[in-house]
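Next up, structure-v7.cif (mmCIF, C-alpha atoms):
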```cif
data_structure
#
loop_
_atom_site.label_atom_id
_atom_site.label_comp_id
_atom_site.auth_asym_id
_atom_site.auth_seq_id
_atom_site.Cartn_x
_atom_site.Cartn_y
_atom_site.Cartn_z
CA MET A 257 5.29 -18.08 15.44
CA ARG A 258 8.22 -15.72 15.15
CA CYS A 259 6.97 -12.68 13.28
CA GLY A 260 9.05 -9.63 12.33
CA VAL A 261 7.63 -6.12 12.23
CA VAL A 262 9.69 -3.55 10.33
CA SER A 263 10.22 -0.09 11.82
CA PHE A 264 10.88 2.59 9.24
CA PRO A 265 11.39 6.24 10.17
CA GLY A 266 7.80 7.45 10.44
CA SER A 267 6.21 4.05 11.12
CA LEU A 268 3.46 4.48 13.70
CA ASP A 269 1.93 1.08 14.26
CA ASP A 270 5.08 -1.02 14.58
CA ALA A 271 5.01 -1.15 18.39
CA ASP A 272 1.25 -1.77 18.38
CA THR A 273 1.73 -4.68 15.99
CA VAL A 274 4.47 -6.20 18.16
CA HIS A 275 2.16 -5.71 21.16
CA ALA A 276 -0.75 -7.44 19.42
CA LEU A 277 1.50 -10.33 18.38
CA SER A 278 3.41 -10.80 21.63
CA ASP A 279 1.20 -9.55 24.45
CA VAL A 280 -2.26 -10.30 23.10
CA LEU A 281 -1.93 -13.28 20.78
CA GLY A 282 0.99 -15.03 22.45
CA PHE A 283 3.25 -15.10 19.40
CA ASP A 284 6.82 -13.87 19.23
CA GLY A 285 6.75 -10.38 17.74
CA VAL A 286 10.21 -9.14 16.75
CA GLN A 287 10.98 -5.55 15.82
CA LEU A 288 13.09 -5.30 12.67
CA TRP A 289 15.06 -2.12 11.97
CA HIS A 290 14.95 -0.52 8.53
CA LYS A 291 18.74 -0.20 8.35
CA ASP A 292 19.40 -3.81 9.32
CA PRO A 293 19.13 -6.25 6.41
CA ASP A 294 19.08 -9.21 8.83
CA LEU A 295 15.57 -10.63 9.25
CA HIS A 296 16.65 -12.41 12.45
CA GLY A 297 15.12 -15.74 11.53
CA VAL A 298 11.49 -14.62 11.43
CA GLU A 299 8.87 -16.82 9.76
CA CYS A 300 6.77 -13.94 8.55
CA VAL A 301 7.34 -10.21 7.96
CA ILE A 302 4.81 -7.46 8.62
CA LEU A 303 5.18 -3.95 7.21
CA PRO A 304 3.18 -1.77 9.61
CA GLY A 305 1.08 1.35 9.20
CA GLY A 306 2.28 4.89 9.58
CA PHE A 307 3.90 7.51 7.41
CA SER A 308 7.26 6.01 6.51
CA TYR A 309 9.68 8.71 5.37
CA GLY A 310 6.94 11.29 5.89
CA ASP A 311 5.03 10.00 2.86
CA TYR A 312 7.46 12.12 0.83
CA LEU A 313 7.15 11.79 -2.95
CA ARG A 314 4.36 9.16 -2.68
CA SER A 315 3.16 7.06 0.25
CA GLY A 316 5.48 4.08 0.56
CA ALA A 317 7.75 5.18 -2.28
CA LEU A 318 10.90 5.74 -0.25
CA ALA A 319 10.57 2.89 2.24
CA ARG A 320 11.18 0.29 -0.42
CA PHE A 321 14.79 1.48 -0.74
CA ALA A 322 15.57 0.84 2.94
CA PRO A 323 18.28 -1.83 3.43
CA VAL A 324 15.79 -4.19 5.11
CA MET A 325 13.57 -4.18 2.03
CA ASP A 326 16.11 -6.03 -0.13
CA SER A 327 15.92 -8.84 2.41
CA VAL A 328 12.12 -8.64 2.54
CA ILE A 329 11.90 -8.83 -1.26
CA GLU A 330 14.28 -11.79 -1.28
CA PHE A 331 12.31 -13.44 1.55
CA ALA A 332 9.07 -12.98 -0.44
CA ALA A 333 10.69 -14.33 -3.61
CA GLY A 334 11.57 -17.47 -1.68
CA GLY A 335 7.95 -17.95 -0.65
CA GLY A 336 8.17 -16.23 2.76
CA LEU A 337 4.95 -14.72 4.10
CA VAL A 338 4.85 -10.92 3.95
CA MET A 339 1.89 -8.80 5.01
CA GLY A 340 1.52 -5.03 4.70
CA LEU A 341 -1.11 -3.15 6.67
CA CYS A 342 -2.07 0.40 5.65
CA ASN A 343 1.28 2.10 4.89
CA GLY A 344 2.73 -1.41 4.62
CA PHE A 345 0.25 -2.11 1.80
CA GLN A 346 1.33 1.11 0.09
CA ILE A 347 4.99 0.06 0.42
CA LEU A 348 4.29 -3.39 -1.08
CA CYS A 349 2.54 -1.80 -4.07
CA GLU A 350 5.39 0.69 -4.53
CA ALA A 351 7.92 -2.14 -4.31
CA GLY A 352 6.09 -3.96 -7.09
CA LEU A 353 5.34 -6.94 -4.82
CA LEU A 354 1.61 -6.30 -5.18
CA PRO A 355 -0.31 -4.99 -8.17
CA GLY A 356 -2.02 -1.60 -8.31
CA ALA A 357 -1.48 1.55 -6.28
CA LEU A 358 -3.09 3.52 -3.46
CA VAL A 359 -3.99 7.14 -4.12
CA ARG A 360 -5.75 9.95 -2.28
CA ASN A 361 -9.15 8.98 -0.93
CA ARG A 362 -11.87 9.94 -3.36
CA SER A 363 -13.42 12.16 -0.67
CA MET A 364 -10.09 14.04 -0.39
CA THR A 365 -10.36 13.67 3.38
CA PHE A 366 -8.49 11.50 5.84
CA VAL A 367 -10.82 8.76 7.05
CA CYS A 368 -10.72 7.33 10.54
CA ASP A 369 -13.56 4.90 11.03
CA THR A 370 -14.62 1.33 11.60
CA VAL A 371 -15.45 -0.67 8.48
CA HIS A 372 -16.46 -4.15 7.50
CA VAL A 373 -14.52 -6.18 4.99
CA ARG A 374 -15.87 -9.26 3.28
CA ILE A 375 -13.57 -12.23 2.90
CA GLU A 376 -13.33 -13.10 -0.79
CA ARG A 377 -10.77 -15.87 -0.44
CA SER A 378 -10.26 -18.18 2.51
CA ASP A 379 -7.52 -20.24 0.87
CA THR A 380 -4.70 -17.76 1.49
CA PRO A 381 -2.12 -17.95 4.29
CA PHE A 382 -3.70 -14.79 5.73
CA THR A 383 -7.35 -15.79 5.77
CA ASN A 384 -7.38 -19.59 6.01
CA LEU A 385 -9.26 -19.62 9.33
CA CYS A 386 -12.04 -17.50 7.78
CA GLU A 387 -14.86 -18.66 5.54
CA THR A 388 -15.48 -16.99 2.19
CA GLY A 389 -18.20 -14.41 2.73
CA ASP A 390 -17.29 -13.80 6.40
CA ARG A 391 -17.19 -10.19 7.48
CA LEU A 392 -14.51 -8.71 9.70
CA GLU A 393 -15.02 -5.46 11.56
CA LEU A 394 -11.77 -3.49 11.45
CA PRO A 395 -10.56 0.08 11.87
CA ILE A 396 -9.19 2.20 9.05
CA LYS A 397 -7.23 5.44 9.30
CA HIS A 398 -5.67 6.78 6.14
CA GLY A 399 -5.64 9.61 3.64
CA GLU A 400 -4.41 7.59 0.69
CA GLY A 401 -6.19 4.28 0.64
CA CYS A 402 -8.10 4.46 -2.62
CA TYR A 403 -7.01 1.35 -4.52
CA VAL A 404 -6.52 1.94 -8.24
CA ALA A 405 -5.13 0.11 -11.23
CA ASP A 406 -5.59 0.66 -14.93
CA GLU A 407 -8.52 -1.10 -16.56
CA GLU A 408 -6.55 -4.03 -17.92
CA SER A 409 -4.61 -4.64 -14.70
CA LEU A 410 -7.82 -4.46 -12.72
CA ARG A 411 -9.39 -7.08 -14.95
CA ARG A 412 -6.33 -9.30 -14.49
CA ILE A 413 -6.43 -8.82 -10.72
CA GLU A 414 -10.11 -9.75 -10.60
CA ASP A 415 -9.90 -12.62 -13.08
CA SER A 416 -7.01 -14.22 -11.23
CA GLY A 417 -8.79 -13.96 -7.88
CA ARG A 418 -6.22 -11.71 -6.26
CA VAL A 419 -8.77 -9.71 -4.25
CA VAL A 420 -8.82 -11.12 -0.72
CA VAL A 421 -11.00 -8.56 1.07
CA ARG A 422 -13.53 -5.96 -0.06
CA TYR A 423 -15.20 -3.15 1.87
CA SER A 424 -18.79 -4.08 2.57
CA ASP A 425 -21.62 -3.25 4.90
CA ALA A 426 -22.30 -5.42 7.94
CA SER A 427 -24.39 -7.80 5.85
CA GLY A 428 -21.64 -8.28 3.28
CA GLU A 429 -23.00 -6.03 0.51
CA THR A 430 -20.35 -3.95 -1.28
CA THR A 431 -22.09 -0.59 -1.35
CA GLU A 432 -20.72 2.81 -2.24
CA ALA A 433 -21.44 4.01 1.29
CA ALA A 434 -19.33 1.21 2.74
CA ASN A 435 -16.39 2.05 0.45
CA LEU A 436 -15.13 5.04 2.42
CA ASN A 437 -11.98 5.71 0.39
CA GLY A 438 -13.52 5.09 -3.03
CA SER A 439 -11.38 2.08 -3.96
CA LEU A 440 -12.09 0.51 -7.35
CA ASN A 441 -14.38 -2.51 -6.95
CA SER A 442 -14.34 -1.85 -3.17
CA ILE A 443 -10.92 -3.51 -3.00
CA ALA A 444 -9.52 -3.45 0.55
CA GLY A 445 -6.73 -6.00 0.16
CA VAL A 446 -4.97 -8.06 -2.48
CA VAL A 447 -2.54 -10.94 -2.63
CA ASN A 448 0.28 -11.55 -5.11
CA GLU A 449 0.19 -14.26 -7.74
CA ALA A 450 2.09 -16.76 -5.59
CA GLY A 451 -0.23 -16.05 -2.68
CA ASN A 452 2.48 -15.31 -0.10
CA VAL A 453 2.39 -11.50 -0.12
CA PHE A 454 -0.73 -9.75 1.13
CA GLY A 455 -1.61 -6.11 1.71
CA MET A 456 -4.70 -4.41 3.04
CA MET A 457 -5.61 -0.95 4.29
CA PRO A 458 -7.61 -1.90 7.43
CA HIS A 459 -5.68 -2.38 10.66
CA ALA A 460 -5.89 -5.97 11.84
CA GLU A 461 -3.35 -5.19 14.58
CA HIS A 462 -5.68 -2.66 16.18
CA ALA A 463 -8.52 -5.16 16.37
CA CYS A 464 -7.10 -7.97 18.46
CA GLU A 465 -8.31 -7.26 21.98
CA ASP A 466 -11.51 -6.41 23.77
CA LEU A 467 -9.88 -3.37 25.36
CA LEU A 468 -9.76 -1.72 21.92
CA GLY A 469 -13.35 -2.65 21.14
CA LEU A 470 -12.64 -4.92 18.17
CA GLU A 471 -11.20 -8.41 18.01
CA ASP A 472 -11.83 -9.54 14.43
CA GLY A 473 -8.27 -8.75 13.35
CA ALA A 474 -6.84 -11.59 15.41
CA ILE A 475 -8.02 -14.17 12.89
CA ILE A 476 -5.61 -12.75 10.31
CA PHE A 477 -2.60 -13.38 12.56
CA ARG A 478 -3.95 -16.72 13.73
CA SER A 479 -4.40 -17.72 10.09
CA ILE A 480 -0.75 -16.93 9.39
CA GLU A 481 0.28 -19.09 12.34
CA ALA A 482 -2.01 -21.93 11.28
CA TRP A 483 -0.60 -21.78 7.77
CA LEU A 484 3.01 -21.83 8.96
CA ARG A 485 2.37 -24.81 11.26
CA ARG A 486 0.58 -26.65 8.47
CA ASP A 487 3.50 -25.93 6.14
CA LEU A 488 5.89 -27.34 8.73
CA ARG A 489 3.84 -30.53 9.03
CA SER A 490 3.57 -31.13 5.31
CA MET B 503 22.79 20.58 -16.20
CA GLN B 504 19.26 20.88 -14.96
CA ALA B 505 16.54 18.32 -15.55
CA LYS B 506 12.93 19.38 -15.21
CA VAL B 507 10.73 16.36 -14.57
CA PHE B 508 6.95 16.47 -14.97
CA VAL B 509 4.97 13.66 -13.36
CA THR B 510 1.25 13.45 -14.12
CA PRO B 511 -1.53 10.95 -13.39
CA LYS B 512 -2.06 8.56 -16.31
CA SER B 513 -5.17 9.25 -18.30
CA GLY B 514 -7.96 7.09 -17.00
CA VAL B 515 -6.48 6.87 -13.50
CA LEU B 516 -8.64 8.43 -10.83
CA ASP B 517 -7.23 11.78 -9.66
CA PRO B 518 -9.29 12.92 -6.66
CA ALA B 519 -7.04 15.95 -6.06
CA GLY B 520 -7.51 17.12 -9.67
CA LYS B 521 -11.26 16.59 -9.39
CA ALA B 522 -11.46 18.60 -6.14
CA THR B 523 -9.42 21.41 -7.71
CA GLU B 524 -11.74 21.40 -10.72
CA HIS B 525 -14.76 21.73 -8.43
CA ALA B 526 -13.10 24.63 -6.62
CA LEU B 527 -12.42 26.38 -9.95
CA HIS B 528 -16.04 25.87 -10.97
CA SER B 529 -17.27 27.35 -7.71
CA LEU B 530 -15.03 30.39 -8.33
CA GLY B 531 -16.85 30.91 -11.64
CA PHE B 532 -14.31 29.31 -13.99
CA GLU B 533 -16.94 27.06 -15.47
CA GLU B 534 -15.07 26.55 -18.74
CA VAL B 535 -12.50 24.35 -16.92
CA HIS B 536 -12.57 20.59 -17.20
CA ASP B 537 -10.20 17.62 -16.88
CA VAL B 538 -7.96 19.16 -14.22
CA ARG B 539 -5.08 16.81 -13.43
CA LEU B 540 -2.62 17.40 -10.63
CA GLY B 541 0.96 16.25 -10.93
CA ARG B 542 4.43 17.01 -9.61
CA TYR B 543 7.21 19.16 -11.00
CA ILE B 544 10.71 18.16 -9.92
CA THR B 545 13.98 19.90 -10.74
CA LEU B 546 17.29 18.10 -10.52
CA GLU B 547 20.86 19.25 -11.03
CA VAL B 548 22.68 16.41 -12.73
CA ASP B 549 26.33 16.15 -13.77
CA GLY B 550 27.28 14.50 -17.07
CA ASP B 551 26.94 14.89 -20.80
CA PRO B 552 23.41 15.24 -22.24
CA ALA B 553 23.14 11.69 -23.63
CA GLU B 554 24.27 10.20 -20.35
CA VAL B 555 22.05 12.50 -18.29
CA THR B 556 19.04 11.65 -20.47
CA ALA B 557 19.51 7.94 -19.84
CA ARG B 558 20.15 8.43 -16.12
CA VAL B 559 17.18 10.73 -15.54
CA ASP B 560 14.94 8.32 -17.44
CA ASP B 561 16.13 5.58 -15.06
CA MET B 562 15.44 7.81 -12.06
CA CYS B 563 11.91 8.45 -13.30
CA ARG B 564 11.22 4.78 -13.85
CA GLN B 565 12.73 3.61 -10.57
CA LEU B 566 11.53 6.31 -8.20
CA LEU B 567 10.24 9.67 -9.35
CA ALA B 568 7.12 8.30 -11.07
CA ASN B 569 5.02 5.25 -10.27
CA GLY B 570 4.43 3.65 -13.65
CA VAL B 571 1.23 2.03 -12.40
CA ILE B 572 -0.56 5.36 -12.07
CA GLU B 573 1.71 8.07 -13.44
CA ASP B 574 3.30 9.24 -16.69
CA TYR B 575 6.45 11.35 -16.82
CA ARG B 576 8.42 13.47 -19.21
CA PHE B 577 11.47 15.62 -18.70
CA GLU B 578 13.45 18.44 -20.25
CA LEU B 579 17.17 19.11 -19.96
CA GLY B 580 18.57 22.63 -19.85
CA GLU B 581 21.31 24.82 -18.47
CA SER B 582 21.48 25.06 -14.72
CA PRO B 583 20.15 28.40 -13.46
CA GLY B 584 22.91 30.94 -12.99
CA GLN B 585 25.12 29.43 -15.68
#
```
If you took the structure in this file and wrote it as structure tokens, what would it be?
Amino acid sequence: MRCGVVSFPGSLDDADTVHALSDVLGFDGVQLWHKDPDLHGVECVILPGGFSYGDYLRSGALARFAPVMDSVIEFAAGGGLVMGLCNGFQILCEAGLLPGALVRNRSMTFVCDTVHVRIERSDTPFTNLCETGDRLELPIKHGEGCYVADEESLRRIEDSGRVVVRYSDASGETTEAANLNGSLNSIAGVVNEAGNVFGMMPHAEHACEDLLGLEDGAIIFRSIEAWLRRDLRS
Amino acid sequence: MQAKVFVTPKSGVLDPAGKATEHALHSLGFEEVHDVRLGRYITLEVDGDPAEVTARVDDMCRQLLANGVIEDYRFELGESPGQ
């Protein structure tokens, strides 16, 4: 799998994501530059975590105007797989590719912790190797990860099954204590209507190798690969 | 001319920063305060005639300065300072 990772000014986790893809999982991780609209033939695009453009104005608000984003939006419109992690999720919401928005954590503090997320849908390109109800143990580190949407949008998001992962405890219960940023309905990640654009706050890329203490994130990347290969066969 | 843009959280959208500020005001003894909402105030110097500037600033608000999912905006046009 040839997977592009976009570097914006202020991205932090771009190199870590390329490392997880190339060195740990054996895929071909390709760094994409924000000023270069060429996606270099990648089969999937990842928008990494960090503080693109210093989080000026709003988290993710400025990154969507980078030259590479026109190509990413076009790629997504054509059915290409796009995943945003942490700041990447914020960028996808700001770009209008995903519904809702991410605001300041309800606690008003930056959270850096390990959480569990419960898989709500295992029929997406990003979770197809999981079972519904599975829990993944993943790290989070963000100040603005509280997922919000107005009441009607939230109902639409829920009714159309767009929630892919929710914060839960280890047993899979969505409790208030397990929802560290205060997201509505414990939403940790959502997918677009077509199912090819996914964003979540937890860092799958930092949970791919034993050295880092967590390996549950690997299944997200392996799912993408499995989906792409299946698509090629069909 | 100068545009003064006010961006505020939509009513009903969670505003943790406003809530924390409200709590701080309460703890200072300003107990009569409620519904504190925190927004942004942006000033822009824009060239053009007022009708044109109004349309352009409205576009700027919709495309970038406010996130319509969670924020409302309004703006005022006036003389640039010093003129």
Problem - atom CA of A:Val421 to atom CA of A:Leu341, straight-line distance in Å - result: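 Value for the atom CA of A:Leu341-atom CA of A:Val421 distance: 12.6 Å.
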Practice task
Could you please select, counting only C-alpha atoms, the residues of chain A within 12 Å of chain B and state them as JSON, numbers by chain?
Solution key: {"A": [312, 313, 314, 315, 316, 317, 318, 319, 320, 321, 346, 347, 349, 350, 351, 352, 354, 355, 356, 357, 358, 359, 360, 361, 362, 363, 364, 365, 399, 400, 401, 402, 403, 404, 405, 406, 407, 408, 409, 410, 437, 438, 439, 440]}
Handout entry: Residues matched by the PyMOL selection byres ((chain A and resi 265-281) around 9), written as a ChimeraX atom specification
Key = /A:259-264,282-287,290,302-311,319,343,460-465,474,477-478
Would you mind listing what lies within 8 Å of stretch 548-557 of chain B as a JSON list (two decimals) with C-alpha atoms, in the coordinates of the input, with only C-alpha atoms counted and same-chain residues fewer than 5 positions away left out?
```json
[["chain", "number", "residue", "atom", "x", "y", "z"],
["B", 503, "MET", "CA", 22.79, 20.58, -16.20],
["B", 504, "GLN", "CA", 19.26, 20.88, -14.96],
["B", 505, "ALA", "CA", 16.54, 18.32, -15.55],
["B", 579, "LEU", "CA", 17.17, 19.11, -19.96]]
```
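The set of residues that the PyMOL selection byres ((chain B and resi 508) around 12) takes from this file is Ala505, Lys506, Val507, Val509, Thr510, Pro511, Leu540, Gly541, Arg542, Tyr543, Ile544, Thr545, Leu546, Val559, Asp560, Cys563, Leu567, Ala568, Glu573, Asp574, Tyr575, Arg576, Phe577, Glu578 and Leu579 of chain B.
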Exercise for the section: Could you jot down the atom CA of A:Glu387 to atom CA of A:Glu432 separation for me, Å, one decimal place? Expected result: 23.6 Å
Practice task
Quick one: pull the distance between atom CA of A:Thr388 and atom CA of A:Glu471, Å, one decimal.
Solution key: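 Separating atom CA of A:Thr388 from atom CA of A:Glu471 is a distance of 18.5 Å.
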Practice task
On this file, the PyMOL selection byres ((chain A and resi 367-380) around 7) gives some set of residues; write that set as JSON, numbers by chain.
Solution key: {"A": [365, 366, 381, 382, 383, 384, 386, 387, 388, 389, 390, 391, 392, 393, 394, 395, 396, 397, 398, 399, 419, 420, 421, 422, 423, 424, 425, 426, 428, 451]}
Write a file of the just-selected residues containing C-alpha atoms, as an mmCIF file, keeping the file's coordinate frame.
```cif
data_model
loop_
_atom_site.group_PDB
_atom_site.id
_atom_site.type_symbol
_atom_site.label_atom_id
_atom_site.label_comp_id
_atom_site.auth_asym_id
_atom_site.auth_seq_id
_atom_site.Cartn_x
_atom_site.Cartn_y
_atom_site.Cartn_z
ATOM 1 C CA THR A 365 -10.360 13.670 3.380
ATOM 2 C CA PHE A 366 -8.490 11.500 5.840
ATOM 3 C CA PRO A 381 -2.120 -17.950 4.290
ATOM 4 C CA PHE A 382 -3.700 -14.790 5.730
ATOM 5 C CA THR A 383 -7.350 -15.790 5.770
ATOM 6 C CA ASN A 384 -7.380 -19.590 6.010
ATOM 7 C CA CYS A 386 -12.040 -17.500 7.780
ATOM 8 C CA GLU A 387 -14.860 -18.660 5.540
ATOM 9 C CA THR A 388 -15.480 -16.990 2.190
ATOM 10 C CA GLY A 389 -18.200 -14.410 2.730
ATOM 11 C CA ASP A 390 -17.290 -13.800 6.400
ATOM 12 C CA ARG A 391 -17.190 -10.190 7.480
ATOM 13 C CA LEU A 392 -14.510 -8.710 9.700
ATOM 14 C CA GLU A 393 -15.020 -5.460 11.560
ATOM 15 C CA LEU A 394 -11.770 -3.490 11.450
ATOM 16 C CA PRO A 395 -10.560 0.080 11.870
ATOM 17 C CA ILE A 396 -9.190 2.200 9.050
ATOM 18 C CA LYS A 397 -7.230 5.440 9.300
ATOM 19 C CA HIS A 398 -5.670 6.780 6.140
ATOM 20 C CA GLY A 399 -5.640 9.610 3.640
ATOM 21 C CA VAL A 419 -8.770 -9.710 -4.250
ATOM 22 C CA VAL A 420 -8.820 -11.120 -0.720
ATOM 23 C CA VAL A 421 -11.000 -8.560 1.070
ATOM 24 C CA ARG A 422 -13.530 -5.960 -0.060
ATOM 25 C CA TYR A 423 -15.200 -3.150 1.870
ATOM 26 C CA SER A 424 -18.790 -4.080 2.570
ATOM 27 C CA ASP A 425 -21.620 -3.250 4.900
ATOM 28 C CA ALA A 426 -22.300 -5.420 7.940
ATOM 29 C CA GLY A 428 -21.640 -8.280 3.280
ATOM 30 C CA GLY A 451 -0.230 -16.050 -2.680
#
```
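Candidate residues A:Met339, A:Ile476, A:Met325, A:Ala434 were compared for distance to A:Gly455, and the nearest is A:Met339, using all atoms listed in the file.
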So that all listed atoms of stretch 557-565 of chain B fit with 3 Å spare on each side, what axis-aligned box centre and edge lengths in Å, to one decimal, would you give as JSON?
```
{"center_x": 15.7, "center_y": 7.2, "center_z": -15.2, "size_x": 14.9, "size_y": 13.1, "size_z": 15.3}
```
